[in-house]
file my_file00.tsv (TSV, C-alpha atoms)
chain	number	residue	atom	x	y	z
A	24	MET	CA	34.66	148.04	119.54
A	25	PRO	CA	38.20	149.18	120.45
A	26	VAL	CA	40.15	147.10	122.96
A	27	ILE	CA	41.49	150.34	124.45
A	28	SER	CA	39.46	153.57	124.33
A	29	VAL	CA	40.82	156.68	126.03
A	30	LYS	CA	38.82	159.90	125.91
A	31	ASN	CA	39.77	163.29	127.36
A	32	LEU	CA	42.08	161.70	129.94
A	33	SER	CA	43.85	164.10	132.27
A	34	PHE	CA	46.20	163.23	135.11
A	35	SER	CA	48.18	165.37	137.53
A	36	TYR	CA	50.83	164.82	140.17
A	37	GLY	CA	50.95	166.86	143.38
A	38	THR	CA	48.63	169.62	144.56
A	39	GLY	CA	48.61	173.37	144.80
A	40	ALA	CA	51.84	175.05	143.79
A	41	LEU	CA	53.45	171.63	143.28
A	42	LYS	CA	50.78	170.38	140.88
A	43	ARG	CA	52.13	169.11	137.55
A	44	ASP	CA	49.92	168.07	134.66
A	45	ALA	CA	51.21	164.79	133.22
A	46	LEU	CA	48.33	164.13	130.78
A	47	LYS	CA	46.10	166.76	129.20
A	48	GLY	CA	42.92	165.59	127.51
A	49	VAL	CA	44.43	162.52	125.82
A	50	ASP	CA	42.32	160.67	123.23
A	51	LEU	CA	43.41	157.24	121.97
A	52	GLU	CA	41.72	154.19	120.46
A	53	ILE	CA	43.41	150.86	119.73
A	54	GLU	CA	41.73	147.95	117.96
A	55	LYS	CA	42.11	144.24	118.71
A	56	GLY	CA	45.38	142.86	117.33
A	57	GLU	CA	46.81	146.28	116.56
A	58	ILE	CA	50.42	147.16	117.38
A	59	VAL	CA	50.82	150.81	118.37
A	60	ILE	CA	54.05	152.55	119.37
A	61	LEU	CA	53.88	155.67	121.54
A	62	THR	CA	57.00	157.81	121.49
A	63	GLY	CA	58.01	161.24	122.70
A	64	PRO	CA	60.54	163.07	124.86
A	65	SER	CA	61.33	162.07	128.42
A	66	GLY	CA	58.74	163.39	130.85
A	67	SER	CA	56.02	163.73	128.23
A	68	GLY	CA	53.60	161.40	130.07
A	69	LYS	CA	54.13	158.14	128.16
A	70	THR	CA	54.66	155.89	131.19
A	71	THR	CA	51.85	157.60	133.09
A	72	LEU	CA	49.44	156.84	130.25
A	73	LEU	CA	50.61	153.22	130.07
A	74	THR	CA	50.16	152.66	133.81
A	75	VAL	CA	46.66	154.17	133.83
A	76	ILE	CA	45.61	151.93	130.92
A	77	GLY	CA	47.13	148.92	132.67
A	78	GLY	CA	45.34	149.56	135.96
A	79	LEU	CA	48.61	150.18	137.79
A	80	ARG	CA	47.63	153.76	138.57
A	81	ALA	CA	44.19	155.16	139.41
A	82	ALA	CA	42.87	158.13	137.40
A	83	PHE	CA	39.70	160.16	137.86
A	84	ASP	CA	39.35	162.61	134.96
A	85	GLY	CA	38.10	161.51	131.55
A	86	SER	CA	37.29	158.02	130.30
A	87	VAL	CA	39.51	154.94	129.98
A	88	GLU	CA	37.81	151.75	128.81
A	89	VAL	CA	39.99	148.65	128.59
A	90	LEU	CA	38.40	145.42	127.35
A	91	GLY	CA	35.04	147.07	127.93
A	92	GLN	CA	35.82	147.93	131.57
A	93	GLN	CA	35.73	151.58	132.68
A	94	MET	CA	38.89	152.30	134.65
A	95	ILE	CA	38.20	155.87	135.75
A	96	GLY	CA	37.24	155.73	139.41
A	97	ALA	CA	37.42	151.92	139.39
A	98	GLU	CA	37.97	150.01	142.61
A	99	GLU	CA	41.35	148.38	143.19
A	100	SER	CA	39.71	144.94	142.90
A	101	THR	CA	38.48	145.87	139.41
A	102	ARG	CA	41.95	146.99	138.35
A	103	VAL	CA	43.50	143.81	139.77
A	104	ALA	CA	41.02	141.68	137.81
A	105	LEU	CA	41.80	143.59	134.60
A	106	ARG	CA	45.54	143.09	135.04
A	107	GLN	CA	45.01	139.33	134.70
A	108	HIS	CA	44.22	139.99	131.01
A	109	ILE	CA	47.31	142.17	130.42
A	110	GLY	CA	50.94	141.23	129.96
A	111	PHE	CA	53.53	143.79	131.09
A	112	ILE	CA	57.09	144.24	129.83
A	113	PHE	CA	59.37	146.70	131.61
A	114	GLN	CA	62.76	148.18	130.81
A	115	GLN	CA	64.40	146.57	133.86
A	116	HIS	CA	62.96	143.08	133.23
A	117	ASN	CA	61.60	142.72	136.81
A	118	LEU	CA	62.67	139.08	136.99
A	119	LEU	CA	62.98	137.43	140.39
A	120	LYS	CA	66.70	136.82	140.87
A	121	SER	CA	66.24	133.66	142.95
A	122	LEU	CA	64.18	131.92	140.24
A	123	THR	CA	65.20	130.30	136.98
A	124	SER	CA	63.91	131.47	133.60
A	125	LEU	CA	61.36	128.64	133.67
A	126	GLN	CA	60.18	129.53	137.17
A	127	ASN	CA	59.89	133.23	136.33
A	128	VAL	CA	57.67	132.45	133.35
A	129	CYS	CA	55.65	129.87	135.31
A	130	MET	CA	54.67	132.58	137.78
A	131	ALA	CA	52.50	134.21	135.11
A	132	LEU	CA	50.44	131.01	134.94
A	133	GLU	CA	49.77	130.57	138.64
A	134	LEU	CA	46.37	132.27	138.45
A	135	ARG	CA	45.23	130.05	135.60
A	136	ASP	CA	42.67	127.53	136.84
A	137	GLY	CA	42.98	123.91	135.81
A	138	LEU	CA	46.73	123.87	135.20
A	139	SER	CA	48.89	121.49	137.20
A	140	GLU	CA	52.50	122.34	138.02
A	141	TYR	CA	53.55	119.95	135.25
A	142	ASP	CA	51.28	121.75	132.77
A	143	ARG	CA	52.61	125.16	133.79
A	144	GLN	CA	56.20	124.07	133.32
A	145	LYS	CA	55.40	122.52	129.95
A	146	VAL	CA	53.64	125.67	128.66
A	147	ALA	CA	56.34	127.97	130.09
A	148	GLY	CA	59.09	125.83	128.57
A	149	GLU	CA	57.46	125.94	125.14
A	150	MET	CA	57.15	129.73	125.33
A	151	LEU	CA	60.80	130.11	126.32
A	152	LYS	CA	61.79	127.90	123.39
A	153	SER	CA	59.75	130.13	121.07
A	154	VAL	CA	61.87	133.14	122.11
A	155	GLY	CA	65.10	131.23	121.54
A	156	LEU	CA	65.95	130.23	125.10
A	157	SER	CA	65.63	126.46	124.98
A	158	ASP	CA	69.14	126.13	126.44
A	159	PHE	CA	68.52	128.60	129.26
A	160	LEU	CA	65.41	127.24	131.00
A	161	HIS	CA	67.24	126.59	134.26
A	162	LYS	CA	69.47	129.66	134.29
A	163	LYS	CA	68.87	132.43	136.82
A	164	PRO	CA	68.84	136.11	135.77
A	165	ASP	CA	72.43	136.76	136.84
A	166	GLN	CA	73.51	134.02	134.40
A	167	LEU	CA	71.79	135.73	131.45
A	168	SER	CA	72.73	138.65	129.19
A	169	GLY	CA	70.52	141.73	128.97
A	170	GLY	CA	68.96	140.50	125.75
A	171	GLN	CA	68.27	137.07	127.22
A	172	LYS	CA	66.65	138.61	130.30
A	173	GLN	CA	64.35	140.65	128.08
A	174	ARG	CA	63.44	137.50	126.13
A	175	VAL	CA	62.40	135.89	129.42
A	176	SER	CA	60.32	139.00	130.12
A	177	VAL	CA	58.65	138.70	126.70
A	178	ALA	CA	57.94	135.02	127.31
A	179	ARG	CA	56.47	135.78	130.73
A	180	SER	CA	54.23	138.52	129.32
A	181	LEU	CA	52.80	136.28	126.59
A	182	VAL	CA	52.63	132.85	128.21
A	183	ALA	CA	49.15	133.34	129.67
A	184	ARG	CA	47.88	134.52	126.26
A	185	PRO	CA	46.81	138.00	127.43
A	186	ASP	CA	44.48	140.20	125.41
A	187	ILE	CA	46.84	143.16	125.69
A	188	ILE	CA	50.61	143.67	126.04
A	189	LEU	CA	51.83	146.95	127.56
A	190	ALA	CA	55.56	147.46	127.07
A	191	ASP	CA	57.51	150.31	128.67
A	192	GLU	CA	60.88	150.98	126.98
A	193	PRO	CA	61.57	147.26	126.37
A	194	THR	CA	64.68	147.96	124.25
A	195	ALA	CA	66.18	150.87	126.23
A	196	SER	CA	68.97	148.83	127.82
A	197	LEU	CA	69.76	146.79	124.69
A	198	ASP	CA	72.00	147.36	121.69
A	199	LYS	CA	70.47	147.79	118.23
A	200	GLN	CA	70.59	144.12	117.22
A	201	ASN	CA	69.16	142.78	120.48
A	202	GLY	CA	66.53	145.51	120.58
A	203	GLN	CA	65.28	144.73	117.10
A	204	GLU	CA	65.30	140.99	117.76
A	205	ILE	CA	63.19	141.49	120.90
A	206	VAL	CA	60.49	143.57	119.21
A	207	HIS	CA	60.32	141.27	116.19
A	208	ILE	CA	59.88	138.23	118.47
A	209	LEU	CA	57.21	140.14	120.38
A	210	LYS	CA	55.44	141.08	117.14
A	211	ARG	CA	55.55	137.53	115.75
A	212	LEU	CA	54.19	135.91	118.90
A	213	ALA	CA	51.54	138.59	119.41
A	214	ARG	CA	50.34	138.17	115.81
A	215	GLU	CA	50.03	134.43	116.38
A	216	GLN	CA	47.90	135.02	119.48
A	217	GLY	CA	45.92	138.03	118.23
A	218	THR	CA	47.28	140.15	121.07
A	219	THR	CA	47.04	143.95	121.08
A	220	ILE	CA	50.29	145.79	121.84
A	221	LEU	CA	50.88	149.32	123.13
A	222	LEU	CA	54.62	149.95	123.30
A	223	VAL	CA	56.22	153.07	124.79
A	224	THR	CA	59.71	153.84	123.54
A	225	HIS	CA	62.38	156.43	122.84
A	226	ASP	CA	63.89	154.02	120.32
A	227	TYR	CA	63.12	155.31	116.81
A	228	ARG	CA	64.91	152.26	115.34
A	229	ILE	CA	61.92	150.01	116.07
A	230	LEU	CA	59.06	152.15	114.72
A	231	ASP	CA	58.75	149.91	111.66
A	232	VAL	CA	57.26	147.02	113.69
A	233	ALA	CA	54.10	149.00	114.46
A	234	ASP	CA	50.84	149.34	112.57
A	235	ARG	CA	51.03	153.01	113.55
A	236	SER	CA	53.11	155.30	115.72
A	237	LEU	CA	51.95	158.23	117.83
A	238	LEU	CA	53.83	161.14	119.37
A	239	LEU	CA	53.09	162.29	122.93
A	240	GLU	CA	54.47	165.72	123.84
A	241	ASP	CA	53.86	167.66	127.04
A	242	GLY	CA	50.97	165.37	128.01
A	243	GLU	CA	49.19	165.53	124.65
A	244	ILE	CA	49.13	163.29	121.59
A	245	THR	CA	50.25	165.68	118.87
A	246	GLY	CA	50.45	163.39	115.84
A	247	THR	CA	52.99	160.94	114.46
A	248	PRO	CA	56.79	160.96	114.95
A	249	THR	CA	58.87	162.38	112.08
call {"tool": "encode", "arguments": {"input": "my_file00.tsv", "output": "structure tokens"}}
result
Amino acid sequence: MPVISVKNLSFSYGTGALKRDALKGVDLEIEKGEIVILTGPSGSGKTTLLTVIGGLRAAFDGSVEVLGQQMIGAEESTRVALRQHIGFIFQQHNLLKSLTSLQNVCMALELRDGLSEYDRQKVAGEMLKSVGLSDFLHKKPDQLSGGQKQRVSVARSLVARPDIILADEPTASLDKQNGQEIVHILKRLAREQGTTILLVTHDYRILDVADRSLLLEDGEITGTPT
């Protein structure tokens, strides 16, 4: 059974004369542990698809099953519950500026039952060490480089051992070396945990990390990038 199963998904913004179709009958299946990259031109619907799959945006046309849960027409409480099984990585890191790297990663563990504050800090610290930040546990975001901030974001997304990682342009603000290091760290850690990854990107330099790559154009999956 696929971890993510999208069938005939359509999504529009606006109404009437202002209506714009962002997704047009999208079909997509991703198996457990698979790493899939979704690429395509700006405005093609990539981020919209990612946010619908992640329960960040409600959709009503088609079918979207994530971890066996139907998301089309789902209540907000259902989408919130699903998001506890998904790790998100964004282009702009979304780190809290007032918190250290360790505290930012600890936040992803706060909903985990049975973990004391000591346990959370221990697990978060180990994850940060695994992404190469053992010397930066107590640094705040403004004390980190762009690549280091994205490593914190990767650690935060994986620390709770989610079933799925959804990454939106995680290398867009990084140079080639840092971008490739980030996705290879993400791939290594996800393989160790058996995590499924759907990664949206414009960065054709990182396509080789995926099990397969798909091309989304004008709201439709049209094949593989060339």
call {"tool": "atom_distance", "arguments": {"input": "my_file00.tsv", "atom1": "CA of Pro185 in chain A", "atom2": "CA of Arg235 in chain A"}}
result
20.9 Å
call {"tool": "residues_around", "arguments": {"input": "my_file00.tsv", "residues": "range 38-47 of chain A", "least_positions_apart": "4", "cutoff": "9 Å", "atoms": "all atoms listed in the file", "output": "list in words"}}
result
Asn31, Leu32, Ser33, Phe34, Gly66, Ser67, Gly68, Lys69, Thr71, Leu72, Asp241, Gly242, Glu243 and Ile244 of chain A
call {"tool": "residues_near_point", "arguments": {"input": "my_file00.tsv", "point": "(69.8, 147.1, 117.0)", "cutoff": "10 Å", "atoms": "all atoms listed in the file", "output": "PyMOL selection string"}}
result
chain A and resi 194+197-205+226+228-229
call {"tool": "closest_residue", "arguments": {"input": "my_file00.tsv", "among": "A:Arg214, A:Ile27, A:Thr245, A:Phe83", "to": "Ala233 in chain A", "atoms": "all atoms listed in the file"}}
result
A:Arg214
call {"tool": "closest_atom_pairs", "arguments": {"input": "my_file00.tsv", "of": "range 48-71 of chain A", "to": "range 86-89 of chain A", "cutoff": "10 Å", "atoms": "all atoms listed in the file", "output": "Markdown table"}}
result
| residue | atom | partner | partner_atom | distance |
| --- | --- | --- | --- | --- |
| A:Gly48 | CA | A:Ser86 | CA | 9.8 |
| A:Val49 | CA | A:Ser86 | CA | 9.6 |
| A:Asp50 | CA | A:Ser86 | CA | 9.1 |
| A:Leu51 | CA | A:Val87 | CA | 9.2 |
| A:Glu52 | CA | A:Glu88 | CA | 9.5 |
| A:Ile53 | CA | A:Val89 | CA | 9.8 |
call {"tool": "atom_distance", "arguments": {"input": "my_file00.tsv", "atom1": "CA of Leu237 in chain A", "atom2": "CA of Ala104 in chain A"}}
result
28.2 Å
call {"tool": "atom_distance", "arguments": {"input": "my_file00.tsv", "atom1": "CA of Asn127 in chain A", "atom2": "CA of Gly217 in chain A"}}
result
23.4 Å
call {"tool": "closest_residue", "arguments": {"input": "my_file00.tsv", "among": "A:Pro164, A:Gly148, A:Pro248, A:Gly110", "to": "Val177 in chain A", "atoms": "only C-alpha atoms"}}
result
A:Gly110
call {"tool": "closest_residue", "arguments": {"input": "my_file00.tsv", "among": "A:Leu125, A:Ala81, A:Met24, A:Leu61", "to": "Tyr36 in chain A", "atoms": "only C-alpha atoms"}}
result
A:Ala81
call {"tool": "residues_around", "arguments": {"input": "my_file00.tsv", "residues": "Arg184 in chain A", "least_positions_apart": "5", "cutoff": "12 Å", "atoms": "only C-alpha atoms", "output": "PDB file with C-alpha atoms, in the frame of the given file"}}
result
ATOM      1  CA  GLN A 107      45.010 139.330 134.700  1.00  0.00           C
ATOM      2  CA  HIS A 108      44.220 139.990 131.010  1.00  0.00           C
ATOM      3  CA  ILE A 109      47.310 142.170 130.420  1.00  0.00           C
ATOM      4  CA  GLY A 110      50.940 141.230 129.960  1.00  0.00           C
ATOM      5  CA  PHE A 111      53.530 143.790 131.090  1.00  0.00           C
ATOM      6  CA  ALA A 131      52.500 134.210 135.110  1.00  0.00           C
ATOM      7  CA  LEU A 132      50.440 131.010 134.940  1.00  0.00           C
ATOM      8  CA  ARG A 135      45.230 130.050 135.600  1.00  0.00           C
ATOM      9  CA  VAL A 146      53.640 125.670 128.660  1.00  0.00           C
ATOM     10  CA  ALA A 147      56.340 127.970 130.090  1.00  0.00           C
ATOM     11  CA  MET A 150      57.150 129.730 125.330  1.00  0.00           C
ATOM     12  CA  VAL A 177      58.650 138.700 126.700  1.00  0.00           C
ATOM     13  CA  ALA A 178      57.940 135.020 127.310  1.00  0.00           C
ATOM     14  CA  ARG A 179      56.470 135.780 130.730  1.00  0.00           C
ATOM     15  CA  LEU A 212      54.190 135.910 118.900  1.00  0.00           C
ATOM     16  CA  ALA A 213      51.540 138.590 119.410  1.00  0.00           C
ATOM     17  CA  ARG A 214      50.340 138.170 115.810  1.00  0.00           C
ATOM     18  CA  GLU A 215      50.030 134.430 116.380  1.00  0.00           C
ATOM     19  CA  GLN A 216      47.900 135.020 119.480  1.00  0.00           C
ATOM     20  CA  GLY A 217      45.920 138.030 118.230  1.00  0.00           C
ATOM     21  CA  THR A 218      47.280 140.150 121.070  1.00  0.00           C
ATOM     22  CA  THR A 219      47.040 143.950 121.080  1.00  0.00           C
TER      23      THR A 219
END
call {"tool": "residues_around", "arguments": {"input": "my_file00.tsv", "residues": "Gly155 in chain A", "least_positions_apart": "3", "cutoff": "10 Å", "atoms": "only C-alpha atoms", "output": "list in words"}}
result
Glu149, Met150, Leu151, Lys152, Asp158, Phe159, Gln171, Arg174, Val175, Ala178 and Ile208 of chain A
call {"tool": "build_atoms", "arguments": {"input": "my_file00.tsv", "residues": "range 161-184 of chain A", "atoms": "N, CA and C atoms", "output": "short mmCIF file (atom, residue, chain, number, x, y, z; two decimals), in the coordinates of the input"}}
result
data_model
loop_
_atom_site.label_atom_id
_atom_site.label_comp_id
_atom_site.auth_asym_id
_atom_site.auth_seq_id
_atom_site.Cartn_x
_atom_site.Cartn_y
_atom_site.Cartn_z
N HIS A 161 66.91 126.74 132.84
CA HIS A 161 67.24 126.59 134.26
C HIS A 161 68.33 127.56 134.71
N LYS A 162 68.53 128.61 133.91
CA LYS A 162 69.47 129.66 134.29
C LYS A 162 68.74 130.76 135.07
N LYS A 163 69.43 131.31 136.06
CA LYS A 163 68.87 132.43 136.82
C LYS A 163 69.28 133.75 136.15
N PRO A 164 68.59 134.85 136.46
CA PRO A 164 68.84 136.11 135.77
C PRO A 164 70.30 136.55 135.74
N ASP A 165 71.05 136.31 136.83
CA ASP A 165 72.43 136.76 136.84
C ASP A 165 73.34 135.91 135.94
N GLN A 166 72.78 134.86 135.35
CA GLN A 166 73.51 134.02 134.40
C GLN A 166 73.13 134.34 132.95
N LEU A 167 72.31 135.37 132.77
CA LEU A 167 71.79 135.73 131.45
C LEU A 167 72.30 137.11 131.03
N SER A 168 72.41 137.32 129.72
CA SER A 168 72.73 138.65 129.19
C SER A 168 71.49 139.53 129.25
N GLY A 169 71.67 140.82 128.98
CA GLY A 169 70.52 141.73 128.97
C GLY A 169 69.47 141.32 127.96
N GLY A 170 69.91 140.93 126.77
CA GLY A 170 68.96 140.50 125.75
C GLY A 170 68.22 139.25 126.13
N GLN A 171 68.92 138.31 126.77
CA GLN A 171 68.27 137.07 127.22
C GLN A 171 67.26 137.35 128.33
N LYS A 172 67.60 138.24 129.25
CA LYS A 172 66.65 138.61 130.30
C LYS A 172 65.37 139.19 129.70
N GLN A 173 65.53 140.05 128.68
CA GLN A 173 64.35 140.65 128.08
C GLN A 173 63.53 139.62 127.32
N ARG A 174 64.18 138.59 126.77
CA ARG A 174 63.44 137.50 126.13
C ARG A 174 62.60 136.73 127.16
N VAL A 175 63.17 136.52 128.34
CA VAL A 175 62.40 135.89 129.42
C VAL A 175 61.19 136.76 129.76
N SER A 176 61.41 138.07 129.82
CA SER A 176 60.32 139.00 130.12
C SER A 176 59.22 138.93 129.06
N VAL A 177 59.63 138.83 127.79
CA VAL A 177 58.65 138.70 126.70
C VAL A 177 57.88 137.39 126.85
N ALA A 178 58.59 136.31 127.13
CA ALA A 178 57.94 135.02 127.31
C ALA A 178 56.94 135.06 128.46
N ARG A 179 57.35 135.68 129.56
CA ARG A 179 56.47 135.78 130.73
C ARG A 179 55.22 136.59 130.41
N SER A 180 55.37 137.66 129.63
CA SER A 180 54.23 138.52 129.32
C SER A 180 53.22 137.83 128.41
N LEU A 181 53.68 136.90 127.58
CA LEU A 181 52.80 136.28 126.59
C LEU A 181 52.30 134.90 126.96
N VAL A 182 52.91 134.26 127.96
CA VAL A 182 52.63 132.85 128.21
C VAL A 182 51.18 132.59 128.60
N ALA A 183 50.54 133.53 129.26
CA ALA A 183 49.15 133.34 129.67
C ALA A 183 48.17 133.80 128.60
N ARG A 184 48.69 134.09 127.40
CA ARG A 184 47.88 134.52 126.26
C ARG A 184 46.98 135.71 126.62
#
